[in-house]
Structures are given as structure tokens and as C-alpha cells.
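Taking it in order: structure first as C-alpha cells, then the write-up.
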Amino acid sequence: MATFGKDSNPVEISGNENTNYGVPLALMVSLFFMIGFITVMNDVLIPSLKGLFNLHSWKVMLVQSCFFGAYAIMSIPAGNLIQKIGYKKGLAVSLGVMATGLLLFIPASDLIIYPFFLFALFVVGIGLTILQVAINPYIVALGPEETGASRLNLGGALNSTATFIGPILGGAFILDKSLTDPIQKAAAVKGPYIALAILTLTIAVILYFLKLPKLKSEVEEGGGAGGKYMEF
């Protein structure tokens with residue numbers, strides 16, 4: 001999983017390194033799964049929207065362009081945001097933005113407006129971009145430093161698993177061949193995204209009340225030899 005943002009300095013843990021962070025780690029790893037699942041849902045959404053709006057090929061490409069365009073636009077701003085508000089707050093913001101984007105599929109499906117679907121995808125992409133900036137340092141910090149790479153690999157494995165089962169589960173709900181009415185087809189899109197929004201908000205609430213390690217990231221100023229530590 002790639003790390004976004006311009007802060008590439010090692011992350012240090014502030015606090016008791018012997019603390020058991022088993023539950024936060026499980027939640028962080030589950031977020032890797034969600035990243036893969038939400039991303040691959042685009043592959044299910046494309047044929048659904050193509051049939052719903054009778055789209056031409058260039059309009060179909062807008063689905064992926066809006067989603068991954070958020071990564072291109074928000075990568076650096078997301079890193080700057082994390083540096084200003086901290087990693088834990090960054091997680092909260094990312095999950096909140098993601099949930100908002102996922103819930104936007106409800107009015108988009110009710111109104112059946114193609115640009116509304118694209119806007120919802122763009123908002124989800126922004127949330128995922130911020131999430132990936134914040135999650136990588138935490139996954140390393142939640143345990144011994146020497147096993148940090150193993151935890152990242154575990155997250156990557158779950159991410160890959162999600163990309164495999166995502167189209168199967170999503171297709172079972174969204175690409176139901178028995179649905180012929182446009183209103184029914186649009187309504188079928190809502191279920192999976194509502195479920196993902198509820199799951200996202202649930203994880204956000206749990207993480208808010210959990211004790212997480214304080215991370216320190218060294219930020220150099222003005223090209224000088226000195227620097228400062230920002231505590232989150």
C-alpha cells in the first residue's frame with residue numbers, strides 16, 4: 001500500500017511502547033480491507049450505471065476518472081492536512097468524508113442523476129486519500145518497530161482479498177438481472193453503499209474512544225538544520 005503525502009520521515013511513538021494495541025490494530029487492518037473493497041466496487045458500479053443511463057464509452061470512463069482523480073488532486077493537500085491536525089484527527093476526518101460520499105449514493109439513486117453519482121465517487125475518493133495518508137504510520141506504530149513491515153503486509157493481503165471478493169458481493173446486489181425497471185436498478189445501488197457507510201461510521205466511533213499512540217513527525221523548517229516535533 002502506497003504512502004501518500006510528503007512526510008516521509010520515520011514516525012516515532014510517544015508513550016508506553018509496551019501497551020497492547022490489539023483492538024486498534026485489528027480496526028486499522030480492517031480499513032485496508034475496506035479500501036480495497038470500496039475501490040473495486042467501481043468495477044460493479046460501471047456496468048450498472050452504463051445500463052441505467054445508456055452511457056457512451058467516454059462517459060463510462062468518468063467513473064474511474066472522478067474516483068482516482070481525487071487521489072491525484074488530494075494527495076499533497078491530504079499530507080498537509082495530516083501535518084496540521086494530526087494522525088488521529090486525520091483518521092476521523094477521512095472516515096467522515098468517506099461516509100458522507102457513500103451516503104450521497106442515496107440521493108443520487110433517488111434522483112437518478114449521473115453527475116450526482118460522479119460527485120459521490122469523488123467525495124469517497126477524497127476520504128480514501130486522506131485515510132491512506134494517516135493509516136500507514138499508525139499500522140507501523142501499533143506494535144514493535146521490527147514487525148511493522150509484517151503488519152503492512154497483512155494489511156496489503158486483506159486489501160487484495162477485498163479486491164477479489166468485492167465484485168462478487170457487490171455484483172450479487174447491484175447487478176441483479178431480474179431488475180429491469182430503471183428505478184429498481186438505481187435503488188439496488190443504495191444497499192451496498194449504505195452498508196459500507198454504516199460500517200465506516202461504526203469504525204470511526206470505535207476509534208474515537210480507543211486509546212491510540214501519539215505519533216511524532218519531524219518537520220523541517222526553512223531548509224535549516226533544526227526542526228520541530230509536532231505531537232498528535
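Chains: A, B, ... in order of the C-alpha cells. Residues: from 1 per chain. Ligands: from 1, in order shown.
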* Neighbour list for Ser30 (chain A) as a ChimeraX atom specification, cut-off 10 Å, only C-alpha atoms, skip fewer than 5 positions in-chain -> /A:24-25,35,155,158-159,203
* To do: Write down as a PyMOL selection string the residues of chain A whose backbone DSSP state falls under alpha helix (DSSP H).
  => chain A and resi 22-53+57-85+87-103+105-111+114-141+148-174+182-209
* Work out how far CA of Leu121 (chain A) is from CA of Met98 (chain A), in Å to one decimal. =>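 Taking CA of Met98 (chain A) and CA of Leu121 (chain A), their separation equals 9.4 Å.
Here the question is which of A:Ile130, A:Ile206, A:Ala26, A:Leu118 gets nearest to Val97 (chain A) using only C-alpha atoms, and that residue is A:Ile130.
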* To do: Name the closest residue to Phe173 (chain A) among the candidates A:Leu210, A:Ser160, A:Gly191, A:Leu52; distances are taken between atoms, counting only C-alpha atoms.
  =>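 Smallest distance to Phe173 (chain A) is found for A:Gly191.
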* Contacts of region 53-67 of chain A within 12 Å, only C-alpha atoms, excl. fewer than 6 positions in-chain, as a PyMOL selection string -> chain A and resi 38-47+73-74+98+101+109+112-129+182-183+185-186
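In this structure, CA of Ile76 (chain A) sits 20.4 Å away from CA of Phe32 (chain A).
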* Please report, as a PyMOL selection string, each residue of region 42-220 of chain A to which DSSP assigns strand (DSSP E) when run on this structure's backbone. => chain A and resi 214-220
With N, CA and C atoms retained, could you export that selection as a PDB file, in the first residue's frame?
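Contents of the output file out-v5.pdb:
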```
ATOM      1  N   LYS A 214       0.455   8.280  20.502  1.00  0.00           N
ATOM      2  CA  LYS A 214       0.731   9.598  19.964  1.00  0.00           C
ATOM      3  C   LYS A 214       1.944   9.499  19.054  1.00  0.00           C
ATOM      4  N   LEU A 215       1.809  10.009  17.842  1.00  0.00           N
ATOM      5  CA  LEU A 215       2.885   9.933  16.863  1.00  0.00           C
ATOM      6  C   LEU A 215       3.593  11.277  16.771  1.00  0.00           C
ATOM      7  N   LYS A 216       4.883  11.216  16.565  1.00  0.00           N
ATOM      8  CA  LYS A 216       5.670  12.439  16.402  1.00  0.00           C
ATOM      9  C   LYS A 216       6.333  12.400  15.030  1.00  0.00           C
ATOM     10  N   SER A 217       6.131  13.447  14.293  1.00  0.00           N
ATOM     11  CA  SER A 217       6.702  13.530  12.954  1.00  0.00           C
ATOM     12  C   SER A 217       7.582  14.769  12.871  1.00  0.00           C
ATOM     13  N   GLU A 218       8.837  14.574  12.498  1.00  0.00           N
ATOM     14  CA  GLU A 218       9.758  15.707  12.442  1.00  0.00           C
ATOM     15  C   GLU A 218       9.522  16.503  11.171  1.00  0.00           C
ATOM     16  N   VAL A 219       9.295  17.777  11.340  1.00  0.00           N
ATOM     17  CA  VAL A 219       9.033  18.661  10.217  1.00  0.00           C
ATOM     18  C   VAL A 219      10.119  19.720  10.155  1.00  0.00           C
ATOM     19  N   GLU A 220      10.898  19.714   9.092  1.00  0.00           N
ATOM     20  CA  GLU A 220      11.971  20.687   8.956  1.00  0.00           C
ATOM     21  C   GLU A 220      11.411  22.017   8.475  1.00  0.00           C
TER      22      GLU A 220
END
```
* **Coordinates-based distance that separates CA of Gly36 (chain A) from CA of Phe164 (chain A) (Å, one decimal)** => 8.9 Å
* To do: Find, counting only C-alpha atoms, the residue in A:Gly69, A:Pro144, A:Gly170, A:Gly156 that gets nearest to Met28 (chain A).
  =>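 Answer, going by the shortest atom-to-atom distance: A:Gly156.
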* To do: Tell me which of A:Ala188, A:Leu179, A:Ile139, A:Ala195 sits closest to Val23 (chain A), counting only C-alpha atoms.
  =>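 Of A:Ala188, A:Leu179, A:Ile139, A:Ala195, the one nearest Val23 (chain A), counting only C-alpha atoms, is A:Ile139.
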* Can you pull out every residue within 10 Å of Ala99 (chain A), counting only C-alpha atoms, but drop anything in the same chain fewer than 3 positions away, and send it as a VMD selection string? => chain A and resid 93 to 96 102 to 104 123 to 124 127 193 to 194 196 to 201 204
